[in-house]
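Structure file work.txt (compact mmCIF, C-alpha atoms and all ligand atoms) follows.
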# COMPACT_ATOMS: atom_id res chain seq x y z
CA MET A 27 98.34 92.97 61.30
CA ARG A 28 98.62 89.44 62.65
CA ALA A 29 97.70 88.43 66.21
CA VAL A 30 100.74 86.18 66.41
CA ASP A 31 103.07 89.16 65.87
CA LEU A 32 101.37 91.18 68.62
CA ILE A 33 101.60 88.22 71.01
CA ALA A 34 105.32 87.91 70.23
CA LYS A 35 105.84 91.65 70.67
CA LYS A 36 104.30 91.56 74.15
CA ARG A 37 106.05 88.28 75.02
CA ASP A 38 109.38 90.01 74.27
CA GLY A 39 108.52 92.99 76.49
CA GLY A 40 107.48 95.47 73.79
CA ALA A 41 104.74 98.09 74.10
CA LEU A 42 101.83 97.73 71.67
CA THR A 43 100.79 100.86 69.80
CA SER A 44 97.29 102.32 70.21
CA ALA A 45 96.40 101.03 66.74
CA GLU A 46 97.64 97.53 67.56
CA ILE A 47 95.60 97.38 70.78
CA ALA A 48 92.47 98.67 69.03
CA TRP A 49 92.94 96.09 66.23
CA LEU A 50 93.39 93.22 68.68
CA ILE A 51 90.37 94.11 70.82
CA THR A 52 88.09 94.86 67.89
CA GLY A 53 89.13 91.61 66.20
CA TYR A 54 88.58 89.59 69.36
CA ALA A 55 85.14 91.10 70.02
CA ALA A 56 84.15 90.41 66.39
CA GLY A 57 85.26 86.77 66.66
CA ASN A 58 88.15 87.14 64.21
CA ILE A 59 90.82 86.39 66.79
CA PRO A 60 90.41 83.02 68.49
CA ASP A 61 90.44 82.39 72.24
CA TYR A 62 93.76 80.56 72.06
CA GLN A 63 95.59 83.56 70.66
CA MET A 64 93.89 85.93 73.08
CA SER A 65 94.85 83.70 76.03
CA ALA A 66 98.47 83.67 74.89
CA TRP A 67 98.41 87.45 74.62
CA ALA A 68 96.78 87.81 78.07
CA MET A 69 99.46 85.58 79.59
CA ALA A 70 102.15 87.70 77.93
CA VAL A 71 100.56 90.77 79.56
CA VAL A 72 100.49 89.03 82.96
CA LEU A 73 104.19 88.28 82.65
CA ARG A 74 105.39 91.47 80.92
CA GLY A 75 102.90 94.13 82.05
CA MET A 76 101.72 97.20 80.16
CA ASP A 77 102.67 100.83 80.53
CA ASP A 78 100.09 103.48 81.49
CA ARG A 79 99.42 104.49 77.88
CA GLU A 80 98.81 100.89 76.81
CA THR A 81 96.50 100.32 79.81
CA ALA A 82 94.47 103.44 78.95
CA ASP A 83 94.28 102.34 75.29
CA LEU A 84 93.15 98.86 76.30
CA THR A 85 90.46 100.33 78.56
CA MET A 86 89.11 102.61 75.85
CA ALA A 87 89.21 99.85 73.19
CA MET A 88 87.20 97.52 75.45
CA ALA A 89 84.75 100.27 76.47
CA ARG A 90 84.20 101.18 72.79
CA SER A 91 83.74 97.55 71.71
CA GLY A 92 80.00 98.06 72.33
CA ASP A 93 77.58 100.89 73.10
CA MET A 94 78.72 103.77 75.30
CA LEU A 95 75.65 104.69 77.34
CA ASP A 96 74.72 108.25 78.12
CA LEU A 97 71.96 108.20 80.72
CA HIS A 98 71.68 111.96 81.20
CA GLY A 99 68.42 112.13 79.30
CA LEU A 100 66.88 109.92 82.00
CA VAL A 101 68.51 111.03 85.23
CA PRO A 102 70.81 113.95 86.07
CA LEU A 103 73.65 111.70 87.21
CA THR A 104 74.46 108.04 87.87
CA VAL A 105 76.84 106.45 90.34
CA ASP A 106 78.62 103.14 90.25
CA LYS A 107 80.87 100.97 92.36
CA HIS A 108 83.24 98.18 91.42
CA SER A 109 85.37 95.79 93.40
CA THR A 110 88.61 94.33 92.13
CA GLY A 111 87.44 90.99 93.49
CA GLY A 112 87.62 89.23 96.80
CA VAL A 113 86.43 86.19 98.71
CA GLY A 114 83.03 86.60 100.34
CA ASP A 115 82.62 90.00 98.70
CA LYS A 116 78.88 90.59 98.53
CA THR A 117 79.29 94.36 98.91
CA THR A 118 77.28 95.32 95.82
CA LEU A 119 74.18 93.55 97.10
CA LEU A 120 74.09 95.84 100.14
CA LEU A 121 75.80 99.00 98.91
CA ALA A 122 73.93 99.47 95.62
CA PRO A 123 70.44 99.60 97.21
CA MET A 124 71.72 101.80 100.05
CA VAL A 125 73.05 104.35 97.59
CA ALA A 126 70.01 104.11 95.33
CA ALA A 127 67.77 104.62 98.36
CA VAL A 128 69.42 107.96 99.17
CA GLY A 129 68.44 109.10 95.67
CA LEU A 130 71.55 108.38 93.61
CA PRO A 131 70.68 106.25 90.57
CA VAL A 132 72.95 103.19 90.34
CA ALA A 133 73.60 101.84 86.82
CA LYS A 134 75.85 98.86 87.40
CA MET A 135 77.38 96.21 85.21
CA SER A 136 78.85 93.38 87.28
CA GLY A 137 80.92 90.30 86.60
CA ARG A 138 80.66 86.59 87.16
CA GLY A 139 83.10 84.58 89.26
CA LEU A 140 86.70 85.29 88.40
CA GLY A 141 89.57 83.05 89.45
CA PHE A 142 89.13 82.21 93.13
CA SER A 143 86.68 85.08 93.75
CA GLY A 144 82.93 85.01 93.28
CA GLY A 145 80.98 87.39 91.07
CA THR A 146 77.85 89.42 91.80
CA ILE A 147 76.03 88.12 88.73
CA ASP A 148 76.46 84.47 89.71
CA LYS A 149 75.28 85.38 93.21
CA LEU A 150 72.19 87.23 92.01
CA GLU A 151 71.28 84.39 89.67
CA SER A 152 70.71 82.12 92.65
CA ILE A 153 67.42 84.03 93.02
CA PRO A 154 64.94 82.09 90.86
CA GLY A 155 63.69 84.00 87.82
CA LEU A 156 66.14 86.87 88.14
CA ARG A 157 67.52 88.07 84.81
CA THR A 158 70.86 89.80 84.52
CA ASN A 159 71.20 89.65 80.73
CA LEU A 160 69.52 92.95 79.99
CA SER A 161 69.55 94.83 76.71
CA ALA A 162 70.77 98.42 76.70
CA GLU A 163 67.10 99.48 76.50
CA GLU A 164 66.11 97.38 79.53
CA PHE A 165 69.12 98.75 81.40
CA ARG A 166 68.02 102.32 80.64
CA ARG A 167 64.43 101.63 81.66
CA ALA A 168 65.54 100.14 85.00
CA VAL A 169 67.62 103.22 85.77
CA ARG A 170 64.67 105.46 85.00
CA ASP A 171 61.97 103.42 86.77
CA VAL A 172 63.77 101.90 89.77
CA GLY A 173 66.96 103.92 90.08
CA LEU A 174 68.92 100.68 90.47
CA VAL A 175 70.06 98.05 88.00
CA VAL A 176 72.72 95.34 88.28
CA ALA A 177 73.28 93.66 84.94
CA ALA A 178 75.71 91.20 83.42
CA GLN A 179 77.90 92.25 80.57
CA SER A 180 75.88 92.00 77.41
CA GLY A 181 76.56 91.91 73.72
CA ASP A 182 75.82 95.64 73.80
CA LEU A 183 78.03 96.88 76.64
CA ALA A 184 81.79 96.24 76.74
CA PRO A 185 81.47 92.91 74.90
CA ALA A 186 85.25 92.62 74.54
CA ASP A 187 85.61 92.58 78.32
CA LYS A 188 82.81 90.03 78.60
CA LYS A 189 84.79 87.63 76.40
CA LEU A 190 88.19 88.38 77.85
CA TYR A 191 86.91 88.19 81.44
CA ALA A 192 85.51 84.69 80.88
CA LEU A 193 88.77 83.65 79.21
CA ARG A 194 90.95 85.03 82.01
CA ASP A 195 88.84 83.19 84.59
CA VAL A 196 89.98 79.82 83.23
CA THR A 197 93.47 80.60 81.90
CA ALA A 198 95.18 81.86 85.08
CA THR A 199 95.45 85.36 83.64
CA VAL A 200 93.54 87.34 86.25
CA GLU A 201 96.39 88.68 88.39
CA SER A 202 97.59 91.63 86.34
CA ILE A 203 97.25 95.33 87.17
CA PRO A 204 96.67 96.46 83.54
CA LEU A 205 94.19 93.66 82.78
CA ILE A 206 92.18 94.26 85.96
CA ALA A 207 92.27 98.05 85.54
CA ALA A 208 91.10 97.87 81.92
CA SER A 209 88.45 95.27 82.70
CA VAL A 210 86.96 97.27 85.57
CA MET A 211 87.20 100.72 84.00
CA SER A 212 85.95 99.68 80.54
CA LYS A 213 82.69 98.57 82.15
CA LYS A 214 82.42 101.75 84.23
CA LEU A 215 83.04 103.98 81.21
CA ALA A 216 80.65 102.04 78.97
CA THR A 217 77.74 102.36 81.40
CA GLY A 218 78.25 106.11 81.60
CA ALA A 219 78.65 106.50 85.38
CA ASP A 220 79.41 110.05 86.49
CA CYS A 221 80.68 109.10 89.96
CA ILE A 222 82.59 105.89 90.58
CA VAL A 223 83.95 104.36 93.78
CA LEU A 224 86.41 101.51 93.43
CA ASP A 225 86.85 98.93 96.16
CA VAL A 226 90.44 97.85 95.64
CA LYS A 227 91.17 94.82 97.74
CA TYR A 228 94.49 93.48 98.95
CA GLY A 229 95.55 90.45 100.95
CA SER A 230 95.38 86.69 100.61
CA GLY A 231 91.77 86.73 99.38
CA ALA A 232 92.38 89.33 96.67
CA PHE A 233 94.21 89.41 93.35
CA MET A 234 96.60 92.01 94.74
CA HIS A 235 98.35 90.35 97.65
CA THR A 236 100.20 93.46 98.82
CA LEU A 237 99.03 96.92 99.78
CA ALA A 238 101.64 98.43 97.42
CA ASP A 239 100.18 96.58 94.41
CA ALA A 240 96.63 97.52 95.42
CA ARG A 241 97.68 101.16 95.65
CA ALA A 242 99.24 100.99 92.19
CA LEU A 243 96.07 99.41 90.78
CA ALA A 244 93.90 102.03 92.51
CA ARG A 245 95.98 104.91 91.16
CA THR A 246 95.88 103.48 87.64
CA MET A 247 92.09 103.17 87.67
CA VAL A 248 91.48 106.56 89.31
CA ALA A 249 93.73 108.17 86.67
CA ILE A 250 91.87 106.44 83.79
CA GLY A 251 88.48 107.48 85.16
CA SER A 252 89.52 111.08 85.86
CA HIS A 253 91.05 111.38 82.42
CA ALA A 254 87.70 110.28 80.97
CA GLY A 255 85.97 113.08 82.92
CA ARG A 256 84.46 110.97 85.71
CA ARG A 257 84.55 111.69 89.45
CA VAL A 258 86.41 108.71 90.92
CA SER A 259 87.89 107.59 94.20
CA ALA A 260 89.19 104.25 95.44
CA VAL A 261 89.09 102.63 98.87
CA LEU A 262 91.90 100.21 99.71
CA SER A 263 90.23 97.48 101.77
CA SER A 264 91.58 94.38 103.43
CA MET A 265 91.07 90.87 102.15
CA GLN A 266 93.38 89.48 104.80
CA GLN A 267 90.36 87.40 105.71
CA PRO A 268 87.06 86.89 103.85
CA LEU A 269 84.42 89.62 104.12
CA GLY A 270 81.50 88.67 106.34
CA PHE A 271 80.97 84.99 107.05
CA ALA A 272 79.44 83.49 103.89
CA ILE A 273 81.38 82.38 100.78
CA GLY A 274 79.31 80.92 97.92
CA ASN A 275 76.55 82.23 95.72
CA ALA A 276 73.19 81.65 97.46
CA LEU A 277 74.89 81.77 100.87
CA GLU A 278 76.17 85.27 100.14
CA VAL A 279 72.79 86.48 98.89
CA ARG A 280 71.29 85.24 102.15
CA GLU A 281 73.91 87.09 104.17
CA ALA A 282 73.41 90.31 102.19
CA ILE A 283 69.65 90.11 102.70
CA GLY A 284 70.30 89.76 106.43
CA ALA A 285 72.46 92.88 106.33
CA LEU A 286 69.81 94.84 104.42
CA ARG A 287 67.35 93.90 107.14
CA GLY A 288 69.65 95.12 109.89
CA GLY A 289 71.50 91.91 110.74
CA GLY A 290 75.15 92.72 109.93
CA PRO A 291 77.85 91.35 109.57
CA ALA A 292 79.74 94.33 110.98
CA ASP A 293 82.68 94.32 108.52
CA LEU A 294 80.37 94.17 105.49
CA VAL A 295 78.25 97.05 106.79
CA ALA A 296 81.34 99.09 107.71
CA LEU A 297 82.81 98.67 104.22
CA CYS A 298 79.51 99.64 102.58
CA MET A 299 79.33 102.76 104.77
CA THR A 300 82.82 103.81 103.70
CA LEU A 301 82.23 103.14 99.99
CA GLY A 302 78.76 104.67 100.08
CA ALA A 303 80.03 107.80 101.84
CA GLN A 304 82.53 108.25 99.01
CA LEU A 305 79.75 108.11 96.41
CA VAL A 306 77.47 110.46 98.36
CA GLN A 307 80.32 113.00 98.55
CA LEU A 308 81.44 112.53 94.93
CA ALA A 309 77.85 113.17 93.84
CA GLY A 310 77.74 116.32 96.01
CA LEU A 311 74.76 115.10 98.02
CA ARG A 312 76.47 115.75 101.37
CA PRO A 313 79.54 117.90 102.01
CA ASP A 314 81.43 115.63 104.39
CA GLU A 315 81.98 112.07 105.49
CA ASP A 316 79.92 112.26 108.71
CA ALA A 317 76.85 113.69 106.99
CA ALA A 318 77.17 111.12 104.18
CA ARG A 319 77.35 108.27 106.68
CA ALA A 320 74.34 109.58 108.60
CA LEU A 321 72.29 109.61 105.40
CA LEU A 322 73.27 106.03 104.55
CA ARG A 323 72.58 104.84 108.10
CA GLU A 324 69.09 106.36 107.86
CA VAL A 325 68.12 104.39 104.73
CA LEU A 326 69.52 101.19 106.17
CA ASP A 327 67.73 101.56 109.49
CA SER A 328 64.43 102.74 108.00
CA GLY A 329 64.16 99.79 105.60
CA ALA A 330 64.36 102.08 102.55
CA ALA A 331 67.47 100.26 101.25
CA TRP A 332 65.73 96.92 101.65
CA ALA A 333 62.67 98.21 99.79
CA THR A 334 64.89 99.43 96.93
CA PHE A 335 66.60 96.03 96.76
CA THR A 336 63.26 94.23 96.46
CA GLN A 337 62.15 96.65 93.71
CA MET A 338 65.30 95.86 91.75
CA ILE A 339 64.83 92.10 92.17
CA ALA A 340 61.19 92.32 91.03
CA ASN A 341 62.07 94.59 88.11
CA GLN A 342 64.64 92.07 86.87
CA GLY A 343 62.14 89.19 87.13
CA GLY A 344 63.31 87.68 90.41
CA ASP A 345 60.79 85.77 92.52
CA LEU A 346 60.36 87.90 95.64
CA ALA A 347 59.15 84.95 97.69
CA PHE A 348 62.77 83.70 97.80
CA VAL A 349 64.05 87.09 98.90
CA GLU A 350 61.39 87.69 101.53
CA ASP A 351 62.14 84.24 102.92
CA PRO A 352 65.79 83.53 102.06
CA SER A 353 65.65 80.10 103.69
CA ARG A 354 63.93 79.13 100.41
CA LEU A 355 67.02 79.98 98.34
CA PRO A 356 68.89 76.94 96.96
CA ALA A 357 70.53 75.10 99.87
CA ALA A 358 73.20 72.39 99.85
CA PRO A 359 72.10 68.95 101.07
CA ALA A 360 75.31 68.32 103.05
CA GLN A 361 76.33 70.77 105.78
CA ILE A 362 79.35 69.61 107.70
CA ASP A 363 81.51 71.44 110.26
CA LEU A 364 85.27 71.75 110.00
CA PRO A 365 86.60 71.28 113.56
CA ALA A 366 89.51 73.35 114.89
CA PRO A 367 92.57 71.09 115.17
CA ARG A 368 93.68 72.77 118.42
CA SER A 369 92.63 75.44 120.91
CA GLY A 370 93.88 79.00 120.52
CA TYR A 371 93.16 82.17 118.57
CA VAL A 372 92.50 82.29 114.83
CA ALA A 373 95.60 84.08 113.52
CA THR A 374 95.10 83.94 109.73
CA ILE A 375 92.46 82.73 107.28
CA ASP A 376 93.74 82.37 103.74
CA GLY A 377 90.92 83.65 101.55
CA GLN A 378 92.40 82.36 98.31
CA THR A 379 92.36 78.78 99.62
CA LEU A 380 88.75 79.15 100.76
CA GLY A 381 87.80 80.63 97.38
CA LEU A 382 89.45 77.75 95.54
CA VAL A 383 87.66 75.24 97.77
CA CYS A 384 84.34 76.96 97.06
CA ASN A 385 85.09 76.62 93.33
CA ALA A 386 86.04 72.94 93.79
CA LEU A 387 82.70 72.33 95.52
CA GLY A 388 81.01 73.62 92.35
CA GLY A 389 80.67 77.31 93.21
CA GLY A 390 82.99 78.45 90.38
CA ARG A 391 84.10 77.42 86.91
CA ALA A 392 87.13 75.42 85.74
CA ARG A 393 86.09 75.79 82.07
CA ILE A 394 84.09 78.52 80.35
CA GLU A 395 81.12 76.23 79.71
CA ASP A 396 80.85 74.96 83.32
CA ARG A 397 77.59 75.54 85.19
CA ILE A 398 77.94 76.62 88.76
CA ASP A 399 76.08 75.17 91.73
CA PRO A 400 74.50 78.10 93.62
CA ARG A 401 73.97 76.00 96.76
CA VAL A 402 77.53 75.26 97.76
CA GLY A 403 80.11 77.20 99.75
CA LEU A 404 81.48 77.85 103.20
CA VAL A 405 80.20 79.73 106.23
CA LEU A 406 82.86 80.91 108.66
CA ARG A 407 82.14 80.25 112.32
CA ALA A 408 85.22 82.09 113.59
CA LYS A 409 87.14 85.07 112.24
CA VAL A 410 90.65 86.34 112.83
CA GLY A 411 91.16 87.14 116.50
CA ASP A 412 88.39 84.81 117.72
CA ARG A 413 89.18 82.19 120.35
CA VAL A 414 88.46 78.59 119.36
CA THR A 415 88.71 75.37 121.32
CA GLU A 416 89.86 72.07 119.86
CA GLY A 417 86.95 70.48 117.99
CA SER A 418 84.83 73.63 117.84
CA PRO A 419 83.79 74.59 114.28
CA LEU A 420 86.04 76.87 112.23
CA LEU A 421 83.48 76.86 109.44
CA THR A 422 80.60 74.89 107.97
CA ILE A 423 81.05 73.29 104.56
CA HIS A 424 77.94 73.43 102.33
CA ALA A 425 78.39 70.70 99.72
CA ALA A 426 76.41 68.71 97.19
CA SER A 427 77.30 65.51 99.10
CA PRO A 428 79.11 64.42 102.30
CA ALA A 429 81.84 62.94 100.09
CA ASP A 430 82.46 66.34 98.46
CA ALA A 431 82.75 67.92 101.91
CA GLN A 432 85.21 65.24 103.10
CA ARG A 433 87.32 65.71 99.97
CA VAL A 434 87.98 69.41 100.65
CA THR A 435 88.64 69.09 104.39
CA PRO A 436 92.47 68.68 104.23
CA GLN A 437 92.80 71.71 101.93
CA LEU A 438 90.55 73.81 104.17
CA LEU A 439 92.72 73.11 107.21
CA THR A 440 95.73 74.57 105.38
CA ALA A 441 93.88 77.91 105.20
CA TYR A 442 94.06 78.41 108.98
CA ALA A 443 96.80 79.37 111.39
CA ILE A 444 95.89 79.12 115.06
CA ALA A 445 98.08 80.94 117.57
CA ALA A 446 98.46 80.24 121.26
CA GLY A 447 98.26 83.93 122.23
CA SER A 448 95.65 86.53 121.38
CA VAL A 449 95.61 88.06 117.89
CA ILE A 450 94.48 91.48 116.67
CA ALA A 451 92.27 91.37 113.56
CA PRO A 452 93.65 93.35 110.59
CA ALA A 453 92.13 96.77 109.87
CA LEU A 454 89.40 96.65 107.24
CA ILE A 455 90.01 100.01 105.55
CA GLU A 456 93.55 101.11 104.79
CA GLU A 457 93.16 104.39 102.86
CA VAL A 458 91.23 106.33 100.25
CA VAL A 459 92.90 107.19 96.94
CA SER A 460 91.41 110.32 95.38
CA ALA A 461 91.99 111.89 91.98
N1 LIG B 1 86.61 92.81 88.36
C1 LIG B 1 86.55 92.97 87.02
O1 LIG B 1 85.54 93.41 86.48
N2 LIG B 1 87.60 92.62 86.29
C2 LIG B 1 88.74 92.13 86.82
O2 LIG B 1 89.66 91.84 86.10
C3 LIG B 1 88.81 91.96 88.23
C4 LIG B 1 87.71 92.31 88.98
Kindly return the structure encoded in the file as structure tokens.
Amino acid sequence: MRAVDLIAKKRDGGALTSAEIAWLITGYAAGNIPDYQMSAWAMAVVLRGMDDRETADLTMAMARSGDMLDLHGLVPLTVDKHSTGGVGDKTTLLLAPMVAAVGLPVAKMSGRGLGFSGGTIDKLESIPGLRTNLSAEEFRRAVRDVGLVVAAQSGDLAPADKKLYALRDVTATVESIPLIAASVMSKKLATGADCIVLDVKYGSGAFMHTLADARALARTMVAIGSHAGRRVSAVLSSMQQPLGFAIGNALEVREAIGALRGGGPADLVALCMTLGAQLVQLAGLRPDEDAARALLREVLDSGAAWATFTQMIANQGGDLAFVEDPSRLPAAPAQIDLPAPRSGYVATIDGQTLGLVCNALGGGRARIEDRIDPRVGLVLRAKVGDRVTEGSPLLTIHAASPADAQRVTPQLLTAYAIAAGSVIAPALIEEVVSA
């Protein structure tokens, strides 16, 4: 086979056979197919799509490109969560310890920033000393000893997705239902999770802009997971504005720590309750939603979730001094407010624009080899529905220099619509898609 022929076949709208997909993914993971051919193929998929059989084949080929973990010798069952990506989405940092604290071992492989959205691994790495590049053995040990691990993709686990994910980040090939579904589910299958909840986001700050596309993505992923024998459900959640207030790596860690210690923000906590309740029910720990929520509320209020988070950070080498006192986390030297151009009610906040600005400040990558700046980002001071007066801050820009902050100001203003009359904030949770 030749990669160029498979690229042409997809470019012309053909369906690749199972053998062709396996050959392409194995060859890419082994370094026999170069990035430039893989990017051309990924762009052909973005433009032409894949049918359900191709998407399932792609998922399995990426999952099997490395080890397939079976953790049942260590714990009876593991649970996992994955988001399809959104702006300000620090859900894992709160949800994973909550779920681990109720006694469900969390074995999670997370991603780095992707397109205009941040990634949990980049966020966690703003904690000095913290390691996310764990071997399969270290991953196993963390599940056994702590009951919670959040690791980056390694050479051992779904290495094909690791390479393709980094490539898609910088080649404008993120927004594709089959590529997202295969990327997410290959990681979930490779880490051996028995129960999986998917946070499928839609809206301006997500890769799926419409609810219909998010539903299609959710159904595709739930079907792949169920077919592989896993218990899966998906929550369709709104990204019609960023989640919480903070956008940017260290800023989001700080916000998540606040939430673990009982300080909100309300939308982040509400989303974690909904996702967590799904996992608690999938795992059979509680029979219904109310009982599952009560259990999660207990570990949040008692400090048990916070204690589990600190155990995970310590186990992965993170310096706890920075977590106990998050004001010590890397902070940007320039912090400058963006004033509201007129009085009224915040009607829309375009998450994609804010995510792109965060990247432009240094919070994301334009090329694979770029290093990110954990300090930079944005902190919202008003959310949709809030009343603002002319000159009051819409957000605070956290930048490496005042000049950087000034440079992004015009673009930031385009992210806002301010209405004269009152505005109702969009609902956070739309629906749950079950198998
Ligand atoms: N998360 C992933 O792991 N992959 C995607 O493609 C999008 C979100």
Contact table chain A vs ligand LIG 1 (chain B), cut-off 8 Å, shortest pair per residue, only C-alpha atoms and all ligand atoms, as a tab-separated table:
residue	atom	partner	partner_atom	distance
A:His108	CA	B:LIG1	N1	7.0
A:Ser109	CA	B:LIG1	N1	6.0
A:Thr110	CA	B:LIG1	C4	3.8
A:Gly111	CA	B:LIG1	C4	4.7
A:Ser136	CA	B:LIG1	O1	6.7
A:Gly137	CA	B:LIG1	O1	5.6
A:Leu140	CA	B:LIG1	C3	7.0
A:Tyr191	CA	B:LIG1	O2	6.5
A:Val200	CA	B:LIG1	O2	5.9
A:Glu201	CA	B:LIG1	O2	7.8
A:Ser202	CA	B:LIG1	O2	7.9
A:Leu205	CA	B:LIG1	O2	5.9
A:Ile206	CA	B:LIG1	O2	3.5
A:Ala207	CA	B:LIG1	O2	6.8
A:Ala208	CA	B:LIG1	O2	7.5
A:Ser209	CA	B:LIG1	N2	4.5
A:Val210	CA	B:LIG1	O1	4.2
A:Met211	CA	B:LIG1	O1	7.9
A:Lys213	CA	B:LIG1	O1	7.3
A:Phe233	CA	B:LIG1	C3	7.9
For this session: May I ask which of the residues A:Gly288, A:Pro204, A:Gly270, A:Pro452 is the closest one to Met247 in chain A, counting all atoms listed in the file?
Result: A:Pro204
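Using all atoms listed in the file, the shortest contact distance between Asp115 in chain A and any of A:Asn159, A:Thr85, A:Asn275, A:Ser212 is found at A:Asn275.
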With range 328-351 of chain A as the partner and 10 Å as the cut-off, tabulate the residues of range 161-217 of chain A that qualify, each row holding the nearest pair of atoms and their distance in Å to one decimal, using all atoms listed in the file, sorted by chain and rising number, as JSON lines.
{"residue": "A:Glu164", "atom": "CA", "partner": "A:Gln342", "partner_atom": "CA", "distance": 9.2}
{"residue": "A:Phe165", "atom": "CA", "partner": "A:Gln342", "partner_atom": "CA", "distance": 9.7}
{"residue": "A:Arg167", "atom": "CA", "partner": "A:Asn341", "partner_atom": "CA", "distance": 9.8}
{"residue": "A:Ala168", "atom": "CA", "partner": "A:Asn341", "partner_atom": "CA", "distance": 7.2}
{"residue": "A:Val169", "atom": "CA", "partner": "A:Met338", "partner_atom": "CA", "distance": 9.8}
{"residue": "A:Asp171", "atom": "CA", "partner": "A:Asn341", "partner_atom": "CA", "distance": 8.9}
{"residue": "A:Val172", "atom": "CA", "partner": "A:Met338", "partner_atom": "CA", "distance": 6.5}
{"residue": "A:Gly173", "atom": "CA", "partner": "A:Met338", "partner_atom": "CA", "distance": 8.4}
{"residue": "A:Leu174", "atom": "CA", "partner": "A:Met338", "partner_atom": "CA", "distance": 6.2}
{"residue": "A:Val175", "atom": "CA", "partner": "A:Met338", "partner_atom": "CA", "distance": 6.4}
{"residue": "A:Val176", "atom": "CA", "partner": "A:Met338", "partner_atom": "CA", "distance": 8.2}
{"residue": "A:Ala177", "atom": "CA", "partner": "A:Gln342", "partner_atom": "CA", "distance": 9.0}
Problem set entry | For CA of Arg354 in chain A and CA of Leu156 in chain A, the interatomic separation in Å (one decimal) |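 Distance reported for this atom pair: 14.7 Å.
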Exercise. Looking at A:Lys214, A:Arg397, A:Arg413, A:Lys227, which one is nearest to Ala89 in chain A, with distances taken over all atoms listed in the file?
Worked result: A:Lys214
Seminar exercise, completed: From CA of Ala192 in chain A to CA of Leu404 in chain A the spacing works out at 23.7 Å
Exercise. Pick from A:Met234, A:Ala445, A:Ile203, A:Met265: nearest to Asp78 in chain A, with all atoms listed in the file counted?
Worked result: A:Ile203
Problem set entry | Shell of 9 Å around Gly229 in chain A, all atoms listed in the file, local chain residues under 4 positions omitted, as number ranges by chain | A: 233-237, 263-267, 376-377
For this session: Would you please work out which residue, of A:Val125, A:Ala216, A:Cys298, A:Ile153, is nearest to Gly92 in chain A when using all atoms listed in the file?
Result: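 Answer, going by the shortest atom-to-atom distance: A:Ala216.
Shortest separation to Val405 in chain A among A:Asp182, A:Asp293, A:Asp363, A:Glu315 occurs at residue A:Asp363, atoms counted being all atoms listed in the file.
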Exercise. What's the 9 Å shell around Tyr54 in chain A, counting only C-alpha atoms, without same-chain residues fewer than 5 positions away, as a ChimeraX atom specification?
Worked result: /A:49,59-61,64,186,189-190
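One finds CA of Leu438 in chain A at 7.0 Å from CA of Thr379 in chain A.
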Exercise. Can you tell me, as a list in words, what residues are no more than 8 Å from range 96-98 of chain A when counting only C-alpha atoms, ignoring any on the same chain fewer than 5 positions away?
Worked result: Leu103, Thr104, Arg166, Thr217 and Gly218 of chain A
Exercise. If we count only C-alpha atoms, what is near range 430-437 of chain A at a cut-off of 12 Å, once residues fewer than 3 positions away on the same chain are taken out, given as a ChimeraX atom specification?
Worked result: /A:358-367,376,378-388,402-404,420-427,440-442
Convert the current residue selection to file output with C-alpha atoms, as a compact mmCIF listing (two decimals), in the frame of the given file.
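Wrote result.txt, looks like this:
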# COMPACT_ATOMS: atom_id res chain seq x y z
CA ALA A 358 73.20 72.39 99.85
CA PRO A 359 72.10 68.95 101.07
CA ALA A 360 75.31 68.32 103.05
CA GLN A 361 76.33 70.77 105.78
CA ILE A 362 79.35 69.61 107.70
CA ASP A 363 81.51 71.44 110.26
CA LEU A 364 85.27 71.75 110.00
CA PRO A 365 86.60 71.28 113.56
CA ALA A 366 89.51 73.35 114.89
CA PRO A 367 92.57 71.09 115.17
CA ASP A 376 93.74 82.37 103.74
CA GLN A 378 92.40 82.36 98.31
CA THR A 379 92.36 78.78 99.62
CA LEU A 380 88.75 79.15 100.76
CA GLY A 381 87.80 80.63 97.38
CA LEU A 382 89.45 77.75 95.54
CA VAL A 383 87.66 75.24 97.77
CA CYS A 384 84.34 76.96 97.06
CA ASN A 385 85.09 76.62 93.33
CA ALA A 386 86.04 72.94 93.79
CA LEU A 387 82.70 72.33 95.52
CA GLY A 388 81.01 73.62 92.35
CA VAL A 402 77.53 75.26 97.76
CA GLY A 403 80.11 77.20 99.75
CA LEU A 404 81.48 77.85 103.20
CA LEU A 420 86.04 76.87 112.23
CA LEU A 421 83.48 76.86 109.44
CA THR A 422 80.60 74.89 107.97
CA ILE A 423 81.05 73.29 104.56
CA HIS A 424 77.94 73.43 102.33
CA ALA A 425 78.39 70.70 99.72
CA ALA A 426 76.41 68.71 97.19
CA SER A 427 77.30 65.51 99.10
CA THR A 440 95.73 74.57 105.38
CA ALA A 441 93.88 77.91 105.20
CA TYR A 442 94.06 78.41 108.98
For this session: Just give me the residues with any atom within 10 Å of (88.2, 104.2, 88.0), file coordinates, counting only C-alpha atoms, written as a ChimeraX atom specification.
Result: /A:106-108,207-208,210-215,221-225,243-254,256-260,461
Size and centre in Å, one decimal, axis-aligned box, all listed range 207-220 of chain A atoms plus 4 Å per side, as JSON:
{"center_x": 85.0, "center_y": 102.7, "center_z": 82.7, "size_x": 22.5, "size_y": 22.8, "size_z": 15.5}
